[in-house]
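Peer 1: One structure follows; several queries about it will come next.
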Amino acid sequence: MNDLIEQFRLAIAAAGLTPPTEIIDDGVIHRFSTNGKPTHRSGWYMLHSDGIAAGAFGDWREGFTHNWCSKADTAMTESERQAHRERVKAMQRQREEDQAKRQQLAAAEAHSRWTAATPCTQHDYLTRKGIMPNGAKIEGDKLLIPMRDTAGTIYSLQTITPDGTKMFMSGGRVKGCYCSIGKPDGYIVVCEGFATGVSIHEATGGAVAVAFNAGNLEAVATALRSKYPALKIIIAGDDDHLTVNNPGMTKARAAALAVGGYLAVPEFFGHERGDKDTDFNDLHLLAGLAAVKAGIDNAVLVKVGAGDTGAADPMAASQDDTWPELQPLIVQSEAQDYPLDALPPLIRSAVEEVCGFVKAPVPLVAMSALAALSVAIQAHTDVQRAEKLEGPCSLFLCCIADSGERKTSCDGYFTKATRDYEASEREAAKPLIQAYETDLDAWKAQRSGVQEKIKSLAKDGKPTNLLVNQLHDLDRDKPKAPRVPRLIYSDATPEALASNLVNGWPSGGIFSNEGGIVLGGHAMNKDVAMRNMARLNQLWDGKIGATDRVTSAGYGDTTARMTMSLQVQEPTLRAFFDNTKGLARGTGFLARFLVAWPESTMGTRMFTPPPDGWPALAGFNARLTAILNRPAPVDDHGVLTPAMLTLSPDAKQAWVTFHDAIETELANGGDLYDLRDVGSKAADNVARLAALFHVFAGSIGPIDFESLWVNSPPLGAVFLSGFQKAQCP
């Protein structure tokens, strides 16, 4: 038992918490200090030692929870695994009940103390901070700050002593609670500390919500967004410039990103900034309230990851009822300029940055960027165009170009975040894989031993029923390989790809500058071409049909997400058309692709130095990293359950307008009459593009008008042009 307790202690330490001196294995919740300070008892743990030892621990103030078990999941029998799941659920219920009880008691105490306290008129802390009380109260020599939810219910208190020591009530709720200063009138500012909030209020006259710490900024901002859906939200971050990873700015940016909000940063330029000067109250004391107001007035909209400089005010955009004139969709047979302006700002900047150095054709570079978006986002999000019209946001992309156009280089730049994510996941899974291989070897040995005994008994004519039942039990408990994300393939047949998506990770993408690997060779010979094109069509729709195989294990209907980004040479494409005898168009396979046929840049690619630090590409990959690090919605059986994005009313109207414009041109005599199969997929692809742009921008709620109307239809039109230029039979 001492070994188990020590393992549990090490797990707590590995999570960054200071373990308690004594750990009791009685299945009851115990409190402890997470940082070694006796007054900071926000940590908790519970440990069961009977059966398979298991427990949990966390920090209620930070909202952190971690489950622990003494035995790996892959080493458990199915009955043990089920028992462990039930225990985890029971521990969770106990934690929730304990937390609710503690919060209820704390809320009652907070209400009583707040009612009994006297309004503050002066306090040493306020004097030192240069601010007025703004509703704070006094209890003895302590300042009291109320912590309420959006309904105004008080849940806890923060106390501040004259020397500035701050404490929360034991057991009181923090997440989503704030102290309000002023009344909202068009906007509200969310910040960390009370002094910071008062300085902002006194400088601007506007409403402020004090979230008390950086970790609570997003929860407060999200609660306020639910209460005030049309309100402009500004997150005033602390600039923790001397702290690793600047948690104040990092959390503030994440909060703004979560609610479509703005980020305000205290600017200390021209002032003698001390090491501890990090927030707007520090700026107030150094430079006055005018500097504070300027910082809030200069807040920028956060729509993407680190490095974004903001964008237009969405509140102003929503008040503009004018619609851009619908551009006629005329597909040209000659090459068109790629509509870079249709790409969202950060994506456009990254494409321009890579183009400036690699000198590859713009459509090819943009395709690499779009494919990177697709493979990173597709597992997390589906898109609904209308009721009963819904599907993945995955893209199939094809660039017709000669070898040497540097597609591999472009893919490398834009898939760096994905490849780094894969490598990190593989490294983290090494212990699980090793445990699985050990368990599998042991299982094989056991199964082989039982089989040999059955053969021996059968040879002697003795009964084998018990051993056969034992064999059935072993087969049911066969160890399962851990699912490790693999997202990028460069060479895989459709059949192998489908198998990997079913038995491995259910989301992936083919990135290849030799499209003949997919469109040529054995995979697309006349005997199997129709079957493989049908399989790829299903993957574009997010499905994998059932198979039965004599030589390998079959699989039933399931879901998966697939991106394809191919560069194919014209002769290879023509050979594919000839070989498949019209099936490429007849099955709708080629119609699912966004096709580009750019002019070659070879002969004009004079060397220029790479950009210093690649700032736009770094921002692009930082945003993809944030998306990839979200837990993928994959259940224990490898089934994906992506969230469903819908269209906002104005985006829906724009999509219908585009859909109907396309449909009109499909009629006899219309510009798209010869591309009816492709045109019929155009509106679907436009919705997919809009979903990718919406998620990449970090927007919340339904897909907005800008993502759909401004960005997507121009791209859809240029891809139709590329398809027609190919004169696909």
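Identifiers in this document derive from the order of the structure tokens: chains are assigned A, B, ..., residues are numbered from 1 separately in each chain, and ligands are numbered from 1 in order of occurrence.
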Pull the alpha helix (DSSP H) assignments for segment 354-451 of chain A out of DSSP run on the backbone, and list those residues as a compact mmCIF listing (two decimals) with N, CA and C atoms, in the first residue's frame.
Peer 2:
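This is the output file selection_27.txt:
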# COMPACT_ATOMS: atom_id res chain seq x y z
N VAL A 354 4.82 32.98 -47.72
CA VAL A 354 5.41 31.79 -48.32
C VAL A 354 5.66 32.01 -49.81
N CYS A 355 4.69 32.62 -50.49
CA CYS A 355 4.87 32.92 -51.92
C CYS A 355 6.10 33.78 -52.16
N GLY A 356 6.31 34.76 -51.28
CA GLY A 356 7.42 35.68 -51.45
C GLY A 356 8.76 35.01 -51.40
N PHE A 357 8.85 33.89 -50.69
CA PHE A 357 10.12 33.19 -50.58
C PHE A 357 10.20 31.99 -51.53
N VAL A 358 9.16 31.17 -51.55
CA VAL A 358 9.20 29.93 -52.35
C VAL A 358 9.02 30.22 -53.83
N VAL A 362 0.64 31.11 -56.84
CA VAL A 362 -0.21 31.49 -55.71
C VAL A 362 -1.30 30.46 -55.44
N PRO A 363 -2.03 29.96 -56.46
CA PRO A 363 -3.08 28.95 -56.16
C PRO A 363 -2.53 27.71 -55.47
N LEU A 364 -1.32 27.29 -55.85
CA LEU A 364 -0.73 26.11 -55.23
C LEU A 364 -0.43 26.37 -53.76
N VAL A 365 0.14 27.54 -53.46
CA VAL A 365 0.45 27.89 -52.07
C VAL A 365 -0.84 27.99 -51.26
N ALA A 366 -1.85 28.64 -51.82
CA ALA A 366 -3.12 28.78 -51.11
C ALA A 366 -3.76 27.43 -50.85
N MET A 367 -3.64 26.50 -51.81
CA MET A 367 -4.18 25.15 -51.61
C MET A 367 -3.49 24.46 -50.43
N SER A 368 -2.19 24.64 -50.30
CA SER A 368 -1.48 24.05 -49.16
C SER A 368 -2.04 24.60 -47.85
N ALA A 369 -2.31 25.90 -47.81
CA ALA A 369 -2.86 26.51 -46.60
C ALA A 369 -4.25 25.98 -46.31
N LEU A 370 -5.11 25.90 -47.34
CA LEU A 370 -6.47 25.42 -47.15
C LEU A 370 -6.48 23.96 -46.71
N ALA A 371 -5.60 23.15 -47.28
CA ALA A 371 -5.53 21.74 -46.89
C ALA A 371 -5.09 21.60 -45.43
N ALA A 372 -4.15 22.45 -45.01
CA ALA A 372 -3.72 22.42 -43.61
C ALA A 372 -4.87 22.77 -42.68
N LEU A 373 -5.68 23.77 -43.06
CA LEU A 373 -6.86 24.10 -42.27
C LEU A 373 -7.80 22.91 -42.19
N SER A 374 -8.05 22.29 -43.34
CA SER A 374 -9.01 21.19 -43.41
C SER A 374 -8.61 20.02 -42.52
N VAL A 375 -7.34 19.60 -42.60
CA VAL A 375 -6.93 18.41 -41.84
C VAL A 375 -6.89 18.70 -40.34
N ALA A 376 -6.66 19.95 -39.95
CA ALA A 376 -6.61 20.29 -38.53
C ALA A 376 -8.00 20.46 -37.92
N ILE A 377 -8.94 20.94 -38.71
CA ILE A 377 -10.26 21.32 -38.17
C ILE A 377 -11.31 20.24 -38.38
N LYS A 407 5.41 22.06 -54.48
CA LYS A 407 4.26 21.81 -53.61
C LYS A 407 4.69 21.20 -52.28
N THR A 408 5.65 20.28 -52.32
CA THR A 408 6.10 19.65 -51.07
C THR A 408 6.63 20.70 -50.10
N SER A 409 7.39 21.67 -50.60
CA SER A 409 7.90 22.74 -49.74
C SER A 409 6.75 23.54 -49.13
N CYS A 410 5.77 23.88 -49.95
CA CYS A 410 4.63 24.66 -49.46
C CYS A 410 3.85 23.87 -48.41
N ASP A 411 3.60 22.59 -48.69
CA ASP A 411 2.91 21.75 -47.70
C ASP A 411 3.69 21.72 -46.39
N GLY A 412 5.01 21.64 -46.50
CA GLY A 412 5.84 21.58 -45.29
C GLY A 412 5.68 22.80 -44.41
N TYR A 413 5.60 23.99 -45.03
CA TYR A 413 5.45 25.21 -44.25
C TYR A 413 4.10 25.23 -43.51
N PHE A 414 3.04 24.85 -44.22
CA PHE A 414 1.71 25.01 -43.65
C PHE A 414 1.27 23.84 -42.77
N LYS A 416 3.35 22.35 -40.60
CA LYS A 416 4.29 22.21 -39.49
C LYS A 416 3.57 21.98 -38.17
N ALA A 417 2.51 22.76 -37.91
CA ALA A 417 1.77 22.60 -36.65
C ALA A 417 1.20 21.19 -36.54
N THR A 418 0.70 20.66 -37.64
CA THR A 418 0.10 19.32 -37.63
C THR A 418 1.17 18.26 -37.41
N ARG A 419 2.30 18.40 -38.07
CA ARG A 419 3.38 17.42 -37.90
C ARG A 419 3.96 17.47 -36.49
N ASP A 420 4.08 18.68 -35.94
CA ASP A 420 4.56 18.80 -34.56
C ASP A 420 3.57 18.17 -33.59
N TYR A 421 2.29 18.36 -33.87
CA TYR A 421 1.25 17.75 -33.02
C TYR A 421 1.33 16.23 -33.09
N GLU A 422 1.48 15.68 -34.28
CA GLU A 422 1.62 14.23 -34.43
C GLU A 422 2.82 13.71 -33.63
N ALA A 423 3.95 14.39 -33.76
CA ALA A 423 5.16 13.95 -33.06
C ALA A 423 4.97 14.00 -31.55
N SER A 424 4.32 15.04 -31.07
CA SER A 424 4.07 15.17 -29.64
C SER A 424 3.16 14.06 -29.14
N GLU A 425 2.12 13.75 -29.92
CA GLU A 425 1.18 12.70 -29.52
C GLU A 425 1.85 11.33 -29.54
N ARG A 426 2.72 11.10 -30.53
CA ARG A 426 3.44 9.82 -30.59
C ARG A 426 4.36 9.66 -29.38
N GLU A 427 5.03 10.74 -29.03
CA GLU A 427 5.94 10.68 -27.88
C GLU A 427 5.16 10.40 -26.60
N ALA A 428 4.02 11.08 -26.44
CA ALA A 428 3.22 10.89 -25.23
C ALA A 428 2.64 9.49 -25.15
N ALA A 429 2.43 8.86 -26.32
CA ALA A 429 1.79 7.54 -26.34
C ALA A 429 2.79 6.39 -26.20
N LYS A 430 4.08 6.68 -26.18
CA LYS A 430 5.07 5.60 -26.11
C LYS A 430 4.85 4.65 -24.94
N PRO A 431 4.61 5.15 -23.72
CA PRO A 431 4.36 4.21 -22.61
C PRO A 431 3.12 3.35 -22.86
N LEU A 432 2.07 3.94 -23.44
CA LEU A 432 0.85 3.18 -23.72
C LEU A 432 1.11 2.11 -24.77
N ILE A 433 1.88 2.47 -25.79
CA ILE A 433 2.19 1.50 -26.85
C ILE A 433 3.04 0.36 -26.31
N GLN A 434 4.02 0.72 -25.47
CA GLN A 434 4.87 -0.31 -24.88
C GLN A 434 4.04 -1.26 -24.00
N ALA A 435 3.14 -0.68 -23.20
CA ALA A 435 2.28 -1.51 -22.35
C ALA A 435 1.38 -2.40 -23.19
N TYR A 436 0.85 -1.84 -24.28
CA TYR A 436 -0.01 -2.62 -25.17
C TYR A 436 0.76 -3.79 -25.78
N GLU A 437 1.97 -3.54 -26.27
CA GLU A 437 2.75 -4.61 -26.90
C GLU A 437 3.08 -5.71 -25.90
N THR A 438 3.40 -5.30 -24.66
CA THR A 438 3.67 -6.30 -23.62
C THR A 438 2.41 -7.12 -23.34
N ASP A 439 1.28 -6.43 -23.20
CA ASP A 439 0.01 -7.12 -22.93
C ASP A 439 -0.37 -8.03 -24.09
N LEU A 440 -0.11 -7.57 -25.32
CA LEU A 440 -0.47 -8.38 -26.48
C LEU A 440 0.39 -9.65 -26.54
N ASP A 441 1.68 -9.51 -26.25
CA ASP A 441 2.55 -10.70 -26.23
C ASP A 441 2.07 -11.71 -25.19
N ALA A 442 1.70 -11.18 -24.01
CA ALA A 442 1.21 -12.08 -22.95
C ALA A 442 -0.09 -12.72 -23.37
N TRP A 443 -0.96 -11.95 -24.00
CA TRP A 443 -2.25 -12.48 -24.46
C TRP A 443 -2.04 -13.57 -25.52
N LYS A 444 -1.13 -13.34 -26.45
CA LYS A 444 -0.86 -14.33 -27.48
C LYS A 444 -0.33 -15.63 -26.87
N ALA A 445 0.53 -15.47 -25.87
CA ALA A 445 1.09 -16.65 -25.21
C ALA A 445 -0.02 -17.43 -24.51
N GLN A 446 -0.89 -16.69 -23.80
CA GLN A 446 -2.00 -17.36 -23.12
C GLN A 446 -2.91 -18.07 -24.12
N ARG A 447 -3.23 -17.38 -25.19
CA ARG A 447 -4.15 -17.96 -26.17
C ARG A 447 -3.53 -19.19 -26.83
N SER A 448 -2.24 -19.08 -27.15
CA SER A 448 -1.56 -20.22 -27.76
C SER A 448 -1.53 -21.42 -26.81
N GLY A 449 -1.32 -21.13 -25.50
CA GLY A 449 -1.30 -22.21 -24.52
C GLY A 449 -2.64 -22.91 -24.42
N VAL A 450 -3.73 -22.12 -24.44
CA VAL A 450 -5.07 -22.71 -24.38
C VAL A 450 -5.34 -23.53 -25.63
N GLN A 451 -4.96 -23.01 -26.78
CA GLN A 451 -5.16 -23.75 -28.03
C GLN A 451 -4.44 -25.09 -28.01
Peer 1: Which residues are close to Gly588 of chain A, i.e. within 12 Å by only C-alpha atoms, leaving aside same-chain residues fewer than 4 positions away? Reply as a compact mmCIF listing (two decimals) with C-alpha atoms, in the first residue's frame.
Peer 2:
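Contents of around-v7.txt, freshly written:
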# COMPACT_ATOMS: atom_id res chain seq x y z
CA MET A 530 -15.14 2.32 -59.44
CA MET A 533 -13.65 6.15 -56.23
CA ALA A 534 -16.84 5.20 -54.41
CA ARG A 535 -14.82 4.72 -51.20
CA LEU A 536 -13.20 8.16 -51.59
CA ASN A 537 -16.60 9.70 -52.34
CA GLN A 538 -17.85 8.27 -49.05
CA TRP A 540 -15.65 13.17 -48.65
CA ASP A 541 -19.11 12.65 -47.15
CA GLY A 582 -15.86 8.44 -67.80
CA LEU A 583 -16.21 7.10 -64.25
CA ALA A 584 -14.31 10.06 -62.77
CA ARG A 592 -15.88 16.87 -55.21
CA PHE A 593 -12.46 18.43 -55.86
CA LEU A 675 -20.03 21.46 -65.39
CA ARG A 676 -23.32 20.42 -63.83
CA ASP A 677 -21.74 17.74 -61.66
CA VAL A 678 -19.13 20.18 -60.38
CA GLY A 679 -21.59 23.04 -59.97
CA SER A 680 -23.89 20.86 -57.91
CA LYS A 681 -21.12 20.51 -55.30
Peer 1: Enumerate, as a ChimeraX atom specification, the complete set of residues in segment 64-115 of chain A that a backbone-based DSSP assignment places in strand (DSSP E).
Peer 2: /A:64-69
Peer 1: Can you list, as an mmCIF file with N, CA and C atoms, in the first residue's frame, every protein, DNA or RNA residue that comes within 12 Å of Gly135 of chain A when you count only C-alpha atoms, leaving out same-chain residues fewer than 6 positions away?
Peer 2:
data_model
loop_
_atom_site.group_PDB
_atom_site.id
_atom_site.type_symbol
_atom_site.label_atom_id
_atom_site.label_comp_id
_atom_site.auth_asym_id
_atom_site.auth_seq_id
_atom_site.Cartn_x
_atom_site.Cartn_y
_atom_site.Cartn_z
ATOM 1 N N TRP A 114 -21.303 39.995 4.030
ATOM 2 C CA TRP A 114 -21.471 41.200 3.201
ATOM 3 C C TRP A 114 -22.565 42.103 3.767
ATOM 4 N N ALA A 117 -21.202 43.881 6.889
ATOM 5 C CA ALA A 117 -20.071 44.789 6.695
ATOM 6 C C ALA A 117 -20.558 46.215 6.451
ATOM 7 N N THR A 118 -19.670 47.173 6.678
ATOM 8 C CA THR A 118 -20.019 48.592 6.508
ATOM 9 C C THR A 118 -19.420 49.127 5.219
ATOM 10 N N PRO A 119 -20.111 50.071 4.555
ATOM 11 C CA PRO A 119 -19.568 50.659 3.331
ATOM 12 C C PRO A 119 -18.213 51.308 3.594
ATOM 13 N N CYS A 120 -17.314 51.137 2.644
ATOM 14 C CA CYS A 120 -15.955 51.663 2.790
ATOM 15 C C CYS A 120 -15.897 53.127 2.351
ATOM 16 N N THR A 121 -15.222 53.918 3.131
ATOM 17 C CA THR A 121 -14.972 55.312 2.749
ATOM 18 C C THR A 121 -13.494 55.552 2.502
ATOM 19 N N GLN A 122 -12.643 54.847 3.223
ATOM 20 C CA GLN A 122 -11.211 54.928 2.976
ATOM 21 C C GLN A 122 -10.532 53.658 3.488
ATOM 22 N N LEU A 143 -10.685 44.930 3.481
ATOM 23 C CA LEU A 143 -11.578 45.354 2.413
ATOM 24 C C LEU A 143 -12.331 44.121 1.902
ATOM 25 N N LEU A 144 -13.637 44.236 1.694
ATOM 26 C CA LEU A 144 -14.437 43.124 1.164
ATOM 27 C C LEU A 144 -14.875 43.443 -0.260
ATOM 28 N N ILE A 145 -14.645 42.490 -1.171
ATOM 29 C CA ILE A 145 -15.065 42.627 -2.568
ATOM 30 C C ILE A 145 -16.024 41.475 -2.868
ATOM 31 N N PRO A 146 -17.256 41.768 -3.305
ATOM 32 C CA PRO A 146 -18.228 40.692 -3.559
ATOM 33 C C PRO A 146 -17.936 39.951 -4.859
ATOM 34 N N CYS A 179 -16.913 40.868 -9.847
ATOM 35 C CA CYS A 179 -17.401 42.066 -9.164
ATOM 36 C C CYS A 179 -17.703 43.105 -10.233
ATOM 37 N N SER A 180 -18.923 43.581 -10.270
ATOM 38 C CA SER A 180 -19.313 44.548 -11.300
ATOM 39 C C SER A 180 -19.135 45.973 -10.798
ATOM 40 N N ILE A 181 -18.632 46.826 -11.679
ATOM 41 C CA ILE A 181 -18.460 48.252 -11.398
ATOM 42 C C ILE A 181 -19.087 49.016 -12.555
ATOM 43 N N GLY A 182 -20.080 49.849 -12.279
ATOM 44 C CA GLY A 182 -20.744 50.596 -13.336
ATOM 45 C C GLY A 182 -21.794 49.778 -14.065
ATOM 46 N N PHE A 194 -9.278 44.061 -8.668
ATOM 47 C CA PHE A 194 -10.205 45.127 -8.293
ATOM 48 C C PHE A 194 -9.601 46.507 -8.564
ATOM 49 N N VAL A 198 -11.158 49.361 -11.057
ATOM 50 C CA VAL A 198 -11.556 50.707 -10.649
ATOM 51 C C VAL A 198 -10.829 51.754 -11.488
#
Peer 1: Write out as an MDAnalysis selection string each polymer residue whose atoms come within 7 Å of Ser70 of chain A, counting only C-alpha atoms; drop sequence neighbours fewer than 5 positions from it.
Peer 2: chainID A and resid 52:54
Peer 1: What would the file look like if the residues just selected were written as a CSV table (one decimal), in the first residue's frame with N, CA, C and O atoms?
Peer 2:
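Output saved as result37.csv:
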chain,number,residue,atom,x,y,z
A,52,ILE,N,-8.8,-2.4,-7.6
A,52,ILE,CA,-7.8,-1.7,-8.3
A,52,ILE,C,-7.7,-0.3,-7.7
A,52,ILE,O,-8.6,0.4,-7.8
A,53,ALA,N,-6.5,0.0,-7.1
A,53,ALA,CA,-6.4,1.3,-6.4
A,53,ALA,C,-6.6,2.4,-7.4
A,53,ALA,O,-6.0,2.4,-8.5
A,54,ALA,N,-7.4,3.4,-7.1
A,54,ALA,CA,-7.7,4.5,-7.9
A,54,ALA,C,-8.1,5.7,-7.1
A,54,ALA,O,-8.4,5.6,-5.9
Peer 1: For segment 19-33 of chain A, work out the shell of residues within 7 Å, counting only C-alpha atoms and skipping chain neighbours fewer than 6 positions away, then give it as an mmCIF file with N, CA, C and O atoms, in the first residue's frame.
Peer 2:
data_model
loop_
_atom_site.group_PDB
_atom_site.id
_atom_site.type_symbol
_atom_site.label_atom_id
_atom_site.label_comp_id
_atom_site.auth_asym_id
_atom_site.auth_seq_id
_atom_site.Cartn_x
_atom_site.Cartn_y
_atom_site.Cartn_z
ATOM 1 N N ILE A 5 0.502 4.556 -2.472
ATOM 2 C CA ILE A 5 0.388 5.929 -1.984
ATOM 3 C C ILE A 5 1.512 6.787 -2.555
ATOM 4 O O ILE A 5 1.299 7.945 -2.938
ATOM 5 N N ARG A 9 1.206 10.053 -4.818
ATOM 6 C CA ARG A 9 1.889 11.294 -4.443
ATOM 7 C C ARG A 9 2.693 11.841 -5.636
ATOM 8 O O ARG A 9 2.680 13.030 -5.922
ATOM 9 N N ILE A 12 0.504 13.499 -8.195
ATOM 10 C CA ILE A 12 0.117 14.859 -7.792
ATOM 11 C C ILE A 12 1.259 15.830 -8.082
ATOM 12 O O ILE A 12 1.042 16.922 -8.617
ATOM 13 N N ALA A 13 2.481 15.420 -7.739
ATOM 14 C CA ALA A 13 3.639 16.281 -7.978
ATOM 15 C C ALA A 13 3.859 16.500 -9.471
ATOM 16 O O ALA A 13 4.213 17.607 -9.906
ATOM 17 N N HIS A 40 -3.471 28.321 1.753
ATOM 18 C CA HIS A 40 -3.948 28.105 0.384
ATOM 19 C C HIS A 40 -4.422 26.665 0.219
ATOM 20 O O HIS A 40 -3.848 25.884 -0.534
ATOM 21 N N ARG A 41 -5.502 26.311 0.905
ATOM 22 C CA ARG A 41 -5.989 24.929 0.890
ATOM 23 C C ARG A 41 -7.040 24.751 -0.212
ATOM 24 O O ARG A 41 -8.188 24.389 0.040
ATOM 25 N N SER A 42 -6.610 24.998 -1.445
ATOM 26 C CA SER A 42 -7.548 24.834 -2.562
ATOM 27 C C SER A 42 -7.401 23.467 -3.225
ATOM 28 O O SER A 42 -8.158 23.135 -4.133
ATOM 29 N N GLY A 43 -6.419 22.675 -2.783
ATOM 30 C CA GLY A 43 -6.238 21.344 -3.347
ATOM 31 C C GLY A 43 -7.121 20.312 -2.669
ATOM 32 O O GLY A 43 -7.541 20.487 -1.524
ATOM 33 N N TRP A 44 -7.409 19.239 -3.373
ATOM 34 C CA TRP A 44 -8.202 18.154 -2.803
ATOM 35 C C TRP A 44 -7.720 16.828 -3.422
ATOM 36 O O TRP A 44 -7.151 16.810 -4.507
ATOM 37 N N TYR A 45 -7.960 15.760 -2.699
ATOM 38 C CA TYR A 45 -7.677 14.440 -3.262
ATOM 39 C C TYR A 45 -8.609 13.426 -2.609
ATOM 40 O O TYR A 45 -9.187 13.650 -1.540
ATOM 41 N N MET A 46 -8.771 12.291 -3.274
ATOM 42 C CA MET A 46 -9.471 11.145 -2.702
ATOM 43 C C MET A 46 -8.824 9.897 -3.290
ATOM 44 O O MET A 46 -8.459 9.857 -4.457
ATOM 45 N N LEU A 47 -8.644 8.872 -2.457
ATOM 46 C CA LEU A 47 -7.938 7.669 -2.879
ATOM 47 C C LEU A 47 -8.635 6.437 -2.333
ATOM 48 O O LEU A 47 -8.911 6.344 -1.138
ATOM 49 N N HIS A 48 -8.938 5.484 -3.224
ATOM 50 C CA HIS A 48 -9.483 4.172 -2.849
ATOM 51 C C HIS A 48 -8.376 3.136 -3.022
ATOM 52 O O HIS A 48 -7.740 3.079 -4.074
ATOM 53 N N SER A 49 -8.175 2.292 -2.031
ATOM 54 C CA SER A 49 -7.134 1.263 -2.136
ATOM 55 C C SER A 49 -7.709 -0.133 -2.327
ATOM 56 O O SER A 49 -6.964 -1.071 -2.599
#
Peer 1: Using only C-alpha atoms for the distances, tell me which of A:Gln569, A:Gln103, A:Thr604, A:Thr34 is nearest to Leu157 of chain A.
Peer 2: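 Smallest distance to Leu157 of chain A is found for A:Gln103.
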Peer 1: Would you mind telling me which residue in A:Gly288, A:Arg486, A:Pro479, A:Met169 lies nearest to Arg81 of chain A when using only C-alpha atoms?
Peer 2: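 Closest residue, counting only C-alpha atoms: A:Pro479.
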Peer 1: Write out as a list in words each polymer residue whose atoms come within 9 Å of Gln384 of chain A, counting only C-alpha atoms; drop sequence neighbours fewer than 6 positions from it.
Peer 2: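 Selected residues are Glu390, Gly391, Pro392, Met644, Leu645, Thr646, Leu647 and Ala687 of chain A.
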Peer 1: Take the residues from that selection and put them in a file with N, CA, C and O atoms, as a PDB file, in the first residue's frame.
Peer 2:
ATOM      1  N   GLU A 390     -26.294  18.571 -44.129  1.00  0.00           N
ATOM      2  CA  GLU A 390     -25.159  18.745 -43.237  1.00  0.00           C
ATOM      3  C   GLU A 390     -24.082  17.726 -43.580  1.00  0.00           C
ATOM      4  O   GLU A 390     -24.351  16.686 -44.187  1.00  0.00           O
ATOM      5  N   GLY A 391     -22.853  18.056 -43.225  1.00  0.00           N
ATOM      6  CA  GLY A 391     -21.758  17.151 -43.521  1.00  0.00           C
ATOM      7  C   GLY A 391     -20.439  17.708 -43.036  1.00  0.00           C
ATOM      8  O   GLY A 391     -20.392  18.717 -42.324  1.00  0.00           O
ATOM      9  N   PRO A 392     -19.336  17.064 -43.403  1.00  0.00           N
ATOM     10  CA  PRO A 392     -18.016  17.487 -42.933  1.00  0.00           C
ATOM     11  C   PRO A 392     -17.608  18.835 -43.516  1.00  0.00           C
ATOM     12  O   PRO A 392     -18.247  19.366 -44.435  1.00  0.00           O
ATOM     13  N   MET A 644     -21.589  20.566 -34.527  1.00  0.00           N
ATOM     14  CA  MET A 644     -22.272  20.993 -35.747  1.00  0.00           C
ATOM     15  C   MET A 644     -22.364  22.511 -35.794  1.00  0.00           C
ATOM     16  O   MET A 644     -22.963  23.142 -34.928  1.00  0.00           O
ATOM     17  N   LEU A 645     -21.758  23.098 -36.811  1.00  0.00           N
ATOM     18  CA  LEU A 645     -21.860  24.538 -37.035  1.00  0.00           C
ATOM     19  C   LEU A 645     -23.050  24.826 -37.930  1.00  0.00           C
ATOM     20  O   LEU A 645     -23.273  24.142 -38.935  1.00  0.00           O
ATOM     21  N   THR A 646     -23.802  25.855 -37.601  1.00  0.00           N
ATOM     22  CA  THR A 646     -24.911  26.294 -38.442  1.00  0.00           C
ATOM     23  C   THR A 646     -24.579  27.660 -39.036  1.00  0.00           C
ATOM     24  O   THR A 646     -23.575  28.284 -38.691  1.00  0.00           O
ATOM     25  N   LEU A 647     -25.433  28.133 -39.930  1.00  0.00           N
ATOM     26  CA  LEU A 647     -25.248  29.436 -40.553  1.00  0.00           C
ATOM     27  C   LEU A 647     -26.101  30.469 -39.830  1.00  0.00           C
ATOM     28  O   LEU A 647     -27.260  30.207 -39.503  1.00  0.00           O
ATOM     29  N   ALA A 687     -19.772  26.248 -48.298  1.00  0.00           N
ATOM     30  CA  ALA A 687     -20.108  26.133 -46.872  1.00  0.00           C
ATOM     31  C   ALA A 687     -18.952  25.520 -46.090  1.00  0.00           C
ATOM     32  O   ALA A 687     -18.673  25.919 -44.954  1.00  0.00           O
TER      33      ALA A 687
END
Peer 1: Using only C-alpha atoms, determine which residues lie at most 7 Å from Ala651 of chain A, disregarding the query and same-chain residues fewer than 3 positions distant; provide the list as a list in words.
Peer 2: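 Residues meeting the cut-off are Leu647, Ser648, Ala654, Trp655, Ile703, Asp704, Phe705, Leu708 and Trp709 of chain A.
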Peer 1: Give me, as a Markdown table, each residue of segment 217-239 of chain A that comes within 9 Å of segment 257-265 of chain A, together with its shortest interatomic pair and the distance in Å at one decimal, counting only C-alpha atoms, with rows ordered by chain and rising residue number.
Peer 2:
| residue | atom | partner | partner_atom | distance |
| --- | --- | --- | --- | --- |
| A:Glu218 | CA | A:Ala258 | CA | 7.0 |
| A:Ala221 | CA | A:Val259 | CA | 6.8 |
| A:Thr222 | CA | A:Val259 | CA | 6.2 |
| A:Arg225 | CA | A:Val259 | CA | 6.5 |
| A:Lys232 | CA | A:Gly261 | CA | 6.7 |
| A:Ile233 | CA | A:Gly261 | CA | 5.0 |
| A:Ile234 | CA | A:Tyr262 | CA | 4.5 |
| A:Ile235 | CA | A:Leu263 | CA | 5.0 |
| A:Ala236 | CA | A:Ala264 | CA | 4.7 |
| A:Gly237 | CA | A:Val265 | CA | 5.9 |
| A:Asp238 | CA | A:Val265 | CA | 7.2 |
| A:Asp239 | CA | A:Val265 | CA | 6.9 |
Peer 1: Please indicate the distance in Å from atom CA of Ala481 of chain A to atom CA of Met562 of chain A, rounded to one decimal place.
Peer 2: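 Taking atom CA of Ala481 of chain A as the start and atom CA of Met562 of chain A as the end point, the length is 21.7 Å.
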